[in-house]
file query26.json (JSON, C-alpha atoms)
[["chain", "number", "residue", "atom", "x", "y", "z"],
["A", 57, "MET", "CA", -44.98, -21.79, 28.86],
["A", 58, "PRO", "CA", -43.43, -20.58, 25.58],
["A", 59, "GLU", "CA", -39.82, -21.49, 24.84],
["A", 60, "VAL", "CA", -37.33, -18.66, 25.38],
["A", 61, "ARG", "CA", -34.99, -18.61, 22.39],
["A", 62, "ARG", "CA", -31.46, -17.24, 22.46],
["A", 63, "GLN", "CA", -31.16, -13.98, 20.56],
["A", 64, "ARG", "CA", -29.59, -14.70, 17.19],
["A", 65, "ALA", "CA", -26.28, -13.20, 16.13],
["A", 66, "ASP", "CA", -26.68, -10.11, 14.00],
["A", 67, "TRP", "CA", -25.28, -10.68, 10.51],
["A", 68, "SER", "CA", -23.76, -7.20, 10.45],
["A", 69, "ASP", "CA", -21.87, -8.00, 13.68],
["A", 70, "VAL", "CA", -20.55, -11.17, 12.07],
["A", 71, "ARG", "CA", -19.17, -9.11, 9.20],
["A", 72, "VAL", "CA", -17.51, -6.69, 11.60],
["A", 73, "PHE", "CA", -15.89, -9.66, 13.37],
["A", 74, "TRP", "CA", -14.73, -11.00, 9.98],
["A", 75, "ALA", "CA", -13.19, -7.62, 9.10],
["A", 76, "VAL", "CA", -11.28, -7.46, 12.41],
["A", 77, "VAL", "CA", -9.75, -10.88, 11.70],
["A", 78, "GLU", "CA", -8.99, -10.09, 8.05],
["A", 79, "MET", "CA", -7.46, -6.68, 8.84],
["A", 80, "ARG", "CA", -5.56, -8.09, 11.83],
["A", 81, "GLY", "CA", -6.87, -5.46, 14.24],
["A", 82, "PHE", "CA", -9.72, -3.24, 15.35],
["A", 83, "GLY", "CA", -8.19, -0.01, 14.03],
["A", 84, "ALA", "CA", -7.65, -1.29, 10.50],
["A", 85, "ALA", "CA", -11.12, -2.85, 10.46],
["A", 86, "SER", "CA", -12.72, 0.42, 11.56],
["A", 87, "ARG", "CA", -11.04, 2.25, 8.66],
["A", 88, "ALA", "CA", -12.06, -0.42, 6.16],
["A", 89, "LEU", "CA", -15.68, -0.42, 7.32],
["A", 90, "GLY", "CA", -16.01, 3.33, 7.81],
["A", 91, "LEU", "CA", -16.92, 2.88, 11.49],
["A", 92, "SER", "CA", -15.36, 4.27, 14.65],
["A", 93, "GLN", "CA", -13.06, 1.95, 16.56],
["A", 94, "PRO", "CA", -15.30, 1.97, 19.69],
["A", 95, "THR", "CA", -18.23, 0.92, 17.47],
["A", 96, "VAL", "CA", -16.24, -1.97, 16.01],
["A", 97, "THR", "CA", -15.19, -3.08, 19.49],
["A", 98, "ARG", "CA", -18.77, -2.89, 20.78],
["A", 99, "ARG", "CA", -20.13, -4.85, 17.80],
["A", 100, "VAL", "CA", -17.64, -7.69, 18.37],
["A", 101, "GLU", "CA", -18.43, -7.72, 22.09],
["A", 102, "ASP", "CA", -22.16, -7.90, 21.28],
["A", 103, "LEU", "CA", -21.50, -10.89, 19.02],
["A", 104, "GLU", "CA", -19.54, -12.63, 21.77],
["A", 105, "ILE", "CA", -22.38, -12.04, 24.24],
["A", 106, "ARG", "CA", -24.98, -13.41, 21.85],
["A", 107, "LEU", "CA", -22.89, -16.49, 21.08],
["A", 108, "GLY", "CA", -21.84, -16.96, 24.69],
["A", 109, "ALA", "CA", -18.19, -17.38, 23.84],
["A", 110, "ARG", "CA", -15.03, -15.31, 23.61],
["A", 111, "LEU", "CA", -13.88, -15.08, 20.00],
["A", 112, "LEU", "CA", -10.78, -12.85, 19.99],
["A", 113, "VAL", "CA", -7.74, -12.28, 22.16],
["A", 114, "ARG", "CA", -5.84, -9.00, 21.82],
["A", 115, "GLY", "CA", -2.06, -9.11, 21.90],
["A", 116, "PRO", "CA", 0.96, -6.92, 21.04],
["A", 117, "GLY", "CA", 0.96, -8.20, 17.46],
["A", 118, "GLY", "CA", -2.77, -7.74, 16.89],
["A", 119, "VAL", "CA", -5.68, -10.09, 17.46],
["A", 120, "SER", "CA", -5.74, -13.88, 17.58],
["A", 121, "LEU", "CA", -8.66, -16.30, 17.42],
["A", 122, "THR", "CA", -9.84, -18.51, 20.24],
["A", 123, "GLU", "CA", -11.04, -22.01, 19.39],
["A", 124, "ALA", "CA", -14.62, -20.73, 19.26],
["A", 125, "GLY", "CA", -13.42, -17.78, 17.19],
["A", 126, "LYS", "CA", -11.89, -20.11, 14.60],
["A", 127, "VAL", "CA", -15.25, -21.84, 14.13],
["A", 128, "VAL", "CA", -17.14, -18.55, 13.83],
["A", 129, "TYR", "CA", -14.52, -17.16, 11.45],
["A", 130, "GLU", "CA", -15.01, -20.04, 9.00],
["A", 131, "TYR", "CA", -18.74, -19.37, 8.92],
["A", 132, "ALA", "CA", -18.15, -15.60, 8.66],
["A", 133, "ARG", "CA", -15.76, -16.08, 5.75],
["A", 134, "ALA", "CA", -18.32, -18.20, 3.91],
["A", 135, "MET", "CA", -21.02, -15.59, 4.56],
["A", 136, "GLU", "CA", -18.78, -12.78, 3.31],
["A", 137, "HIS", "CA", -17.86, -14.77, 0.21],
["A", 138, "SER", "CA", -21.54, -15.33, -0.58],
["A", 139, "ALA", "CA", -22.29, -11.63, -0.08],
["A", 140, "VAL", "CA", -19.41, -10.61, -2.34],
["A", 141, "GLN", "CA", -20.52, -13.03, -5.04],
["A", 142, "MET", "CA", -24.04, -11.62, -4.83],
["A", 143, "GLU", "CA", -22.70, -8.07, -5.19],
["A", 144, "ARG", "CA", -20.53, -9.06, -8.15],
["A", 145, "THR", "CA", -23.46, -10.72, -9.88],
["A", 146, "VAL", "CA", -25.35, -7.46, -9.54],
["A", 147, "LEU", "CA", -22.30, -5.49, -10.67],
["A", 148, "ASN", "CA", -22.35, -7.44, -13.91],
["A", 149, "GLN", "CA", -25.51, -5.49, -14.67],
["A", 150, "ASP", "CA", -24.00, -2.20, -13.47],
["A", 151, "ARG", "CA", -23.03, 0.11, -16.31],
["A", 152, "ARG", "CA", -23.39, 3.40, -14.48],
["A", 153, "GLU", "CA", -20.28, 5.46, -13.84],
["A", 154, "GLU", "CA", -21.31, 6.37, -10.32],
["A", 155, "GLY", "CA", -20.90, 5.06, -6.80],
["A", 156, "ARG", "CA", -17.98, 4.29, -4.48],
["A", 157, "VAL", "CA", -14.73, 2.54, -5.44],
["A", 158, "ILE", "CA", -12.48, 1.21, -2.67],
["A", 159, "LEU", "CA", -8.81, 1.53, -3.61],
["A", 160, "ALA", "CA", -5.93, 0.14, -1.52],
["A", 161, "ALA", "CA", -2.32, 1.29, -1.94],
["A", 162, "PRO", "CA", 0.87, 1.52, 0.13],
["A", 163, "ASP", "CA", 1.00, 4.80, 2.01],
["A", 164, "GLY", "CA", 3.74, 6.38, -0.08],
["A", 165, "VAL", "CA", 2.15, 5.48, -3.40],
["A", 166, "GLY", "CA", -1.30, 6.49, -2.19],
["A", 167, "GLY", "CA", -0.29, 9.68, -0.41],
["A", 168, "TYR", "CA", 2.37, 11.07, -2.72],
["A", 169, "LEU", "CA", 1.50, 9.71, -6.17],
["A", 170, "ILE", "CA", -2.23, 8.93, -6.30],
["A", 171, "GLY", "CA", -3.60, 11.48, -3.84],
["A", 172, "PRO", "CA", -2.58, 14.63, -5.74],
["A", 173, "SER", "CA", -4.48, 13.41, -8.84],
["A", 174, "ILE", "CA", -7.77, 12.72, -7.07],
["A", 175, "PRO", "CA", -9.17, 16.29, -7.39],
["A", 176, "ASP", "CA", -8.89, 16.20, -11.20],
["A", 177, "PHE", "CA", -10.52, 12.77, -11.26],
["A", 178, "MET", "CA", -13.38, 13.98, -9.06],
["A", 179, "GLN", "CA", -13.92, 17.01, -11.26],
["A", 180, "ALA", "CA", -14.17, 14.80, -14.35],
["A", 181, "ASN", "CA", -16.24, 12.10, -12.58],
["A", 182, "PRO", "CA", -18.40, 13.88, -9.97],
["A", 183, "LYS", "CA", -20.66, 10.85, -9.38],
["A", 184, "ILE", "CA", -17.79, 8.52, -8.42],
["A", 185, "THR", "CA", -16.37, 8.62, -4.89],
["A", 186, "ILE", "CA", -13.14, 6.96, -3.76],
["A", 187, "THR", "CA", -12.14, 5.34, -0.50],
["A", 188, "LEU", "CA", -8.32, 5.31, -0.45],
["A", 189, "ASP", "CA", -6.95, 2.82, 2.08],
["A", 190, "CYS", "CA", -3.22, 3.45, 2.58],
["A", 191, "GLY", "CA", -2.03, 0.55, 4.69],
["A", 192, "PHE", "CA", 1.50, 0.33, 6.05],
["A", 193, "TRP", "CA", 2.02, -3.25, 4.82],
["A", 194, "PRO", "CA", 4.35, -3.66, 1.83],
["A", 195, "ASP", "CA", 1.81, -5.40, -0.39],
["A", 196, "SER", "CA", -1.89, -4.73, 0.13],
["A", 197, "PRO", "CA", -3.80, -8.01, -0.13],
["A", 198, "VAL", "CA", -6.66, -8.15, -2.62],
["A", 199, "SER", "CA", -9.16, -8.81, 0.17],
["A", 200, "GLU", "CA", -12.89, -9.14, -0.25],
["A", 201, "TYR", "CA", -13.65, -5.54, 0.66],
["A", 202, "VAL", "CA", -11.17, -3.94, -1.81],
["A", 203, "ASP", "CA", -12.17, -3.15, -5.39],
["A", 204, "LEU", "CA", -8.67, -2.29, -6.66],
["A", 205, "SER", "CA", -5.32, -2.89, -4.98],
["A", 206, "VAL", "CA", -2.22, -1.00, -6.15],
["A", 207, "GLN", "CA", 0.73, -3.05, -4.94],
["A", 208, "PHE", "CA", 4.28, -4.23, -5.57],
["A", 209, "ALA", "CA", 3.18, -7.80, -6.32],
["A", 210, "ASP", "CA", 1.20, -9.39, -9.12],
["A", 211, "GLY", "CA", -1.41, -11.16, -7.00],
["A", 212, "GLY", "CA", 0.12, -14.63, -7.21],
["A", 213, "PRO", "CA", -1.34, -17.73, -8.87],
["A", 214, "ASN", "CA", -4.99, -17.08, -7.92],
["A", 215, "PRO", "CA", -6.95, -17.37, -11.22],
["A", 216, "ASP", "CA", -9.64, -15.05, -9.86],
["A", 217, "ILE", "CA", -7.15, -12.17, -9.51],
["A", 218, "VAL", "CA", -6.30, -10.02, -12.53],
["A", 219, "ALA", "CA", -3.01, -8.12, -12.30],
["A", 220, "THR", "CA", -2.26, -5.21, -14.64],
["A", 221, "PRO", "CA", 1.24, -3.64, -14.66],
["A", 222, "LEU", "CA", 1.18, 0.09, -13.93],
["A", 223, "ALA", "CA", 4.76, 1.31, -13.62],
["A", 224, "HIS", "CA", 8.40, 0.52, -12.92],
["A", 225, "PHE", "CA", 10.18, 2.09, -9.95],
["A", 226, "HIS", "CA", 13.94, 2.58, -10.14],
["A", 227, "TYR", "CA", 15.78, 3.00, -6.84],
["A", 228, "ALA", "CA", 18.98, 4.98, -6.30],
["A", 229, "TRP", "CA", 20.84, 6.40, -3.30],
["A", 230, "PHE", "CA", 19.69, 9.84, -2.13],
["A", 231, "SER", "CA", 20.54, 12.26, 0.63],
["A", 232, "SER", "CA", 20.18, 15.95, 1.45],
["A", 233, "ARG", "CA", 22.70, 18.68, 0.70],
["A", 234, "ARG", "CA", 22.78, 19.46, 4.43],
["A", 235, "TYR", "CA", 23.87, 15.94, 5.34],
["A", 236, "LEU", "CA", 26.47, 15.71, 2.57],
["A", 237, "ASP", "CA", 27.99, 19.07, 3.50],
["A", 238, "LEU", "CA", 28.39, 17.89, 7.10],
["A", 239, "TYR", "CA", 29.54, 14.30, 6.58],
["A", 240, "GLY", "CA", 30.90, 14.11, 3.05],
["A", 241, "THR", "CA", 29.72, 12.30, -0.05],
["A", 242, "PRO", "CA", 30.15, 8.51, -0.28],
["A", 243, "THR", "CA", 31.34, 7.39, -3.70],
["A", 244, "THR", "CA", 31.41, 3.60, -3.13],
["A", 245, "LEU", "CA", 29.30, 1.12, -1.18],
["A", 246, "GLN", "CA", 32.27, 0.65, 1.14],
["A", 247, "GLU", "CA", 32.24, 4.36, 1.99],
["A", 248, "LEU", "CA", 28.44, 4.31, 2.22],
["A", 249, "ALA", "CA", 28.65, 1.68, 4.96],
["A", 250, "SER", "CA", 30.18, 4.26, 7.32],
["A", 251, "HIS", "CA", 27.26, 6.69, 6.87],
["A", 252, "ARG", "CA", 23.91, 6.91, 8.60],
["A", 253, "ILE", "CA", 21.43, 4.78, 6.66],
["A", 254, "VAL", "CA", 17.71, 5.47, 6.51],
["A", 255, "GLN", "CA", 15.66, 2.42, 5.48],
["A", 256, "HIS", "CA", 12.02, 1.81, 4.69],
["A", 257, "SER", "CA", 10.67, -1.54, 5.86],
["A", 258, "ALA", "CA", 9.49, -2.33, 2.32],
["A", 259, "ALA", "CA", 12.90, -1.62, 0.76],
["A", 260, "THR", "CA", 13.55, -5.22, -0.26],
["A", 261, "ARG", "CA", 10.24, -5.98, -1.99],
["A", 262, "GLN", "CA", 10.63, -7.93, -5.23],
["A", 263, "PRO", "CA", 14.13, -9.19, -4.25],
["A", 264, "GLU", "CA", 14.85, -10.36, -7.79],
["A", 265, "GLY", "CA", 15.24, -6.70, -8.74],
["A", 266, "TRP", "CA", 17.99, -6.01, -6.19],
["A", 267, "GLY", "CA", 21.62, -6.51, -7.06],
["A", 268, "ALA", "CA", 23.67, -8.94, -4.99],
["A", 269, "LYS", "CA", 25.91, -6.17, -3.67],
["A", 270, "THR", "CA", 22.96, -4.09, -2.49],
["A", 271, "ALA", "CA", 21.31, -7.08, -0.83],
["A", 272, "ALA", "CA", 24.58, -7.89, 0.96],
["A", 273, "PHE", "CA", 24.93, -4.25, 2.00],
["A", 274, "TYR", "CA", 21.48, -4.26, 3.60],
["A", 275, "ASP", "CA", 22.29, -7.50, 5.40],
["A", 276, "LEU", "CA", 25.27, -5.82, 7.07],
["A", 277, "ALA", "CA", 23.96, -2.26, 7.49],
["A", 278, "GLU", "CA", 22.47, -1.12, 10.79],
["A", 279, "PRO", "CA", 19.98, 1.62, 9.86],
["A", 280, "ALA", "CA", 19.85, 4.80, 11.91],
["A", 281, "LEU", "CA", 16.13, 4.93, 11.15],
["A", 282, "PHE", "CA", 13.97, 1.98, 10.13],
["A", 283, "THR", "CA", 10.36, 2.91, 9.38],
["A", 284, "ASN", "CA", 7.21, 1.67, 7.66],
["A", 285, "SER", "CA", 6.02, 5.23, 7.00],
["A", 286, "SER", "CA", 6.89, 6.84, 3.67],
["A", 287, "ALA", "CA", 6.08, 10.29, 5.07],
["A", 288, "ALA", "CA", 8.52, 9.79, 7.96],
["A", 289, "PHE", "CA", 11.11, 8.40, 5.56],
["A", 290, "VAL", "CA", 10.94, 11.32, 3.12],
["A", 291, "THR", "CA", 10.89, 13.92, 5.92],
["A", 292, "ALA", "CA", 13.90, 12.35, 7.62],
["A", 293, "MET", "CA", 15.81, 12.38, 4.36],
["A", 294, "GLN", "CA", 14.94, 16.00, 3.60],
["A", 295, "THR", "CA", 15.97, 17.19, 7.06],
["A", 296, "GLY", "CA", 19.42, 15.61, 6.82],
["A", 297, "LEU", "CA", 19.24, 12.37, 8.78],
["A", 298, "GLY", "CA", 21.30, 10.27, 6.40],
["A", 299, "VAL", "CA", 21.43, 8.34, 3.11],
["A", 300, "GLY", "CA", 18.67, 6.08, 1.81],
["A", 301, "ALA", "CA", 17.52, 4.15, -1.24],
["A", 302, "MET", "CA", 14.53, 5.84, -2.87],
["A", 303, "PRO", "CA", 12.73, 5.58, -6.21],
["A", 304, "THR", "CA", 13.78, 8.28, -8.65],
["A", 305, "VAL", "CA", 10.18, 9.51, -8.80],
["A", 306, "VAL", "CA", 10.87, 11.03, -5.38],
["A", 307, "LEU", "CA", 12.42, 14.03, -7.15],
["A", 308, "THR", "CA", 8.94, 14.99, -8.38],
["A", 309, "ILE", "CA", 7.89, 15.14, -4.72],
["A", 310, "ALA", "CA", 11.05, 16.35, -2.99],
["A", 311, "PRO", "CA", 13.23, 18.07, -5.61],
["A", 312, "ASP", "CA", 15.60, 19.28, -2.88],
["A", 313, "LEU", "CA", 16.98, 15.76, -2.41],
["A", 314, "VAL", "CA", 20.32, 14.86, -3.98],
["A", 315, "MET", "CA", 20.95, 11.70, -5.99],
["A", 316, "LEU", "CA", 24.40, 10.22, -5.37],
["A", 317, "ASP", "CA", 26.64, 9.17, -8.24],
["A", 318, "LEU", "CA", 26.41, 5.48, -7.36],
["A", 319, "PRO", "CA", 24.99, 2.62, -9.47],
["A", 320, "PRO", "CA", 21.19, 2.23, -9.36],
["A", 321, "VAL", "CA", 20.10, 0.16, -6.38],
["A", 322, "ALA", "CA", 17.09, -1.78, -7.62],
["A", 323, "HIS", "CA", 13.93, -1.79, -9.66],
["A", 324, "ALA", "CA", 10.42, -2.85, -8.66],
["A", 325, "ARG", "CA", 7.20, -3.22, -10.60],
["A", 326, "LEU", "CA", 3.91, -1.67, -9.55],
["A", 327, "TRP", "CA", 0.64, -3.48, -10.32],
["A", 328, "VAL", "CA", -3.07, -2.86, -9.94],
["A", 329, "CYS", "CA", -4.91, -6.04, -8.95],
["A", 330, "HIS", "CA", -8.59, -6.86, -8.71],
["A", 331, "HIS", "CA", -11.01, -9.76, -8.67],
["A", 332, "ARG", "CA", -11.90, -10.79, -12.20],
["A", 333, "ASP", "CA", -15.59, -9.87, -12.06],
["A", 334, "ILE", "CA", -15.25, -6.45, -10.44],
["A", 335, "ALA", "CA", -13.84, -4.79, -13.59],
["A", 336, "LYS", "CA", -17.23, -5.25, -15.24],
["A", 337, "SER", "CA", -18.44, -2.34, -13.12],
["A", 338, "ALA", "CA", -18.32, 0.89, -15.12],
["A", 339, "ARG", "CA", -17.12, 2.96, -12.16],
["A", 340, "VAL", "CA", -14.28, 0.53, -11.40],
["A", 341, "ALA", "CA", -13.25, 0.49, -15.05],
["A", 342, "ARG", "CA", -13.18, 4.29, -14.99],
["A", 343, "VAL", "CA", -10.87, 4.30, -11.97],
["A", 344, "MET", "CA", -8.65, 1.70, -13.66],
["A", 345, "ASP", "CA", -8.27, 3.96, -16.71],
["A", 346, "TRP", "CA", -7.46, 6.90, -14.43],
["A", 347, "LEU", "CA", -4.75, 4.93, -12.60],
["A", 348, "LYS", "CA", -3.13, 4.05, -15.91],
["A", 349, "ASP", "CA", -3.00, 7.79, -16.70],
["A", 350, "VAL", "CA", -1.56, 8.60, -13.24],
["A", 351, "PHE", "CA", 1.35, 6.22, -13.88],
["A", 352, "ASP", "CA", 1.65, 6.69, -17.65],
["A", 353, "PRO", "CA", 5.35, 6.25, -18.56],
["A", 354, "ARG", "CA", 5.00, 8.03, -21.89],
["A", 355, "ASP", "CA", 5.10, 11.46, -20.29],
["A", 356, "GLN", "CA", 6.63, 10.38, -16.96],
["A", 357, "PRO", "CA", 10.00, 8.81, -17.76],
["A", 358, "TRP", "CA", 10.65, 7.78, -14.13],
["A", 359, "TYR", "CA", 8.02, 5.02, -14.60],
["A", 360, "ARG", "CA", 9.58, 3.45, -17.71],
["A", 361, "ALA", "CA", 10.96, -0.09, -17.78],
["A", 362, "GLU", "CA", 14.47, 1.18, -18.49],
["A", 363, "PHE", "CA", 16.37, 3.36, -16.03],
["A", 364, "ILE", "CA", 16.24, 7.03, -17.01],
["A", 365, "HIS", "CA", 18.59, 9.35, -15.16],
["A", 366, "PRO", "CA", 16.78, 12.22, -13.40],
["A", 367, "SER", "CA", 18.80, 14.71, -15.44],
["A", 368, "GLU", "CA", 16.64, 13.61, -18.39],
["A", 369, "PHE", "CA", 13.30, 13.99, -16.63],
["A", 370, "GLY", "CA", 12.73, 17.47, -17.99],
["A", 371, "LEU", "CA", 12.10, 18.84, -14.49],
["A", 372, "SER", "CA", 14.07, 21.64, -12.88],
["A", 373, "GLN", "CA", 17.62, 20.32, -13.03],
["A", 374, "PRO", "CA", 18.15, 17.84, -10.19],
["A", 375, "GLU", "CA", 21.45, 17.93, -8.40],
["A", 376, "ARG", "CA", 23.81, 15.04, -8.99],
["A", 377, "VAL", "CA", 26.69, 14.53, -6.61],
["A", 378, "SER", "CA", 29.84, 12.84, -7.84],
["A", 379, "ALA", "CA", 33.21, 12.07, -6.39],
["A", 380, "ALA", "CA", 34.45, 15.48, -7.51],
["A", 381, "SER", "CA", 31.78, 17.31, -5.48]]

call {"tool": "encode", "arguments": {"input": "query26.json", "output": "structure tokens"}}
result
Amino acid sequence: MPEVRRQRADWSDVRVFWAVVEMRGFGAASRALGLSQPTVTRRVEDLEIRLGARLLVRGPGGVSLTEAGKVVYEYARAMEHSAVQMERTVLNQDRREEGRVILAAPDGVGGYLIGPSIPDFMQANPKITITLDCGFWPDSPVSEYVDLSVQFADGGPNPDIVATPLAHFHYAWFSSRRYLDLYGTPTTLQELASHRIVQHSAATRQPEGWGAKTAAFYDLAEPALFTNSSAAFVTAMQTGLGVGAMPTVVLTIAPDLVMLDLPPVAHARLWVCHHRDIAKSARVARVMDWLKDVFDPRDQPWYRAEFIHPSEFGLSQPERVSAAS
């Protein structure tokens, strides 16, 4: 009688499992892989059936690995690493400016600053397509599946990661005319403490760029709205919810906002990071050049290393509120 062999695990299911662990959830993995969430769930369940073991446990904070899952994850990570190295070896031979480039960026940077420039890029480079992953985490990790990561961190000490500075962001206090007319204009941090504060969860990235007074203020302030969504943050500010720290570039997006006559809050540096070998691809190099143009400080003074007041931007004159207002 012939031996009945267990059906082997499908390699593609192993990669889906790896993505769920790396992305910390089924939803994020489905977006990264370009699959529906039910498909991702089914593929992981199929892998568990074939291996005869439960690999993941879902919880309020995302997914966690079982003991069997930890073992499978180590093998999956090694498989993914080998696949990526194979692809990069091939990319070394790739000099065609065509194909897909996967770009990760925080949602505000991706949605408000990169997104509007994509049509012009597509018109100039019709054979290159872009996947724009706008995660809600403050600093998008340079994971295996990402070609380029635009983030507020330089990638750390990993020698395989190349970090290129793109821009400087300068933060100041903003509000809406509606809010200030109703509740008055704070002229000191002490007065500001009595106002409704709107805060983005990533507001204290790169803490070395925040003044001691601002850091202390945030430690004591109880925000009226605390959010990880830049769209929700900007909308709340425009509709008069309160006062919040925002980069001065926001006036190119929401010129109706009002900058208060208070000292600048902070500065942060924006980087584009990638694995060392990936930049040898012609299409990735083309996207890199485009990103440098998107954030070029020569004609966009809000991205310069030094603080430039919005009144010098050359836009329609932004409103500046002082103590005399």

call {"tool": "closest_residue", "arguments": {"input": "query26.json", "among": "A:Gln179, A:Gln141, A:Ser173, A:Ser367", "to": "Asp333 (chain A)", "atoms": "all atoms listed in the file"}}
result
A:Gln141

call {"tool": "atom_distance", "arguments": {"input": "query26.json", "atom1": "CA of Ala292 (chain A)", "atom2": "CA of Ala271 (chain A)"}}
result
22.4 Å

call {"tool": "atom_distance", "arguments": {"input": "query26.json", "atom1": "CA of Val218 (chain A)", "atom2": "CA of Trp358 (chain A)"}}
result
24.6 Å

call {"tool": "atom_distance", "arguments": {"input": "query26.json", "atom1": "CA of Gly167 (chain A)", "atom2": "CA of Tyr235 (chain A)"}}
result
25.6 Å

call {"tool": "residues_around", "arguments": {"input": "query26.json", "residues": "Ala301 (chain A)", "least_positions_apart": "5", "cutoff": "9 Å", "atoms": "only C-alpha atoms", "output": "PyMOL selection string"}}
result
chain A and resi 227-231+253-256+259+321-322

call {"tool": "closest_residue", "arguments": {"input": "query26.json", "among": "A:Asp352, A:Glu78, A:Glu368, A:Asp312", "to": "Ser232 (chain A)", "atoms": "all atoms listed in the file"}}
result
A:Asp312

call {"tool": "residues_around", "arguments": {"input": "query26.json", "residues": "region 112-129 of chain A", "least_positions_apart": "5", "cutoff": "12 Å", "atoms": "all atoms listed in the file", "output": "MDAnalysis selection string"}}
result
chainID A and resid 65 67 69:85 97 100:101 103:104 107 134:137

call {"tool": "closest_residue", "arguments": {"input": "query26.json", "among": "A:Ser286, A:Thr187, A:Ser68, A:Thr295", "to": "Val343 (chain A)", "atoms": "only C-alpha atoms"}}
result
A:Thr187

call {"tool": "residues_around", "arguments": {"input": "query26.json", "residues": "Asp345 (chain A)", "least_positions_apart": "4", "cutoff": "12 Å", "atoms": "all atoms listed in the file", "output": "list of chain:residue names"}}
result
A:Phe177, A:Leu204, A:Thr220, A:Leu222, A:Val328, A:Ala335, A:Ala338, A:Arg339, A:Val340, A:Ala341, A:Asp349, A:Val350, A:Phe351, A:Asp352

call {"tool": "closest_residue", "arguments": {"input": "query26.json", "among": "A:Asn284, A:His226, A:Ile186, A:Ser250", "to": "Glu362 (chain A)", "atoms": "only C-alpha atoms"}}
result
A:His226

call {"tool": "closest_residue", "arguments": {"input": "query26.json", "among": "A:Ile170, A:Cys329, A:Ala287, A:Val306", "to": "Ile217 (chain A)", "atoms": "only C-alpha atoms"}}
result
A:Cys329
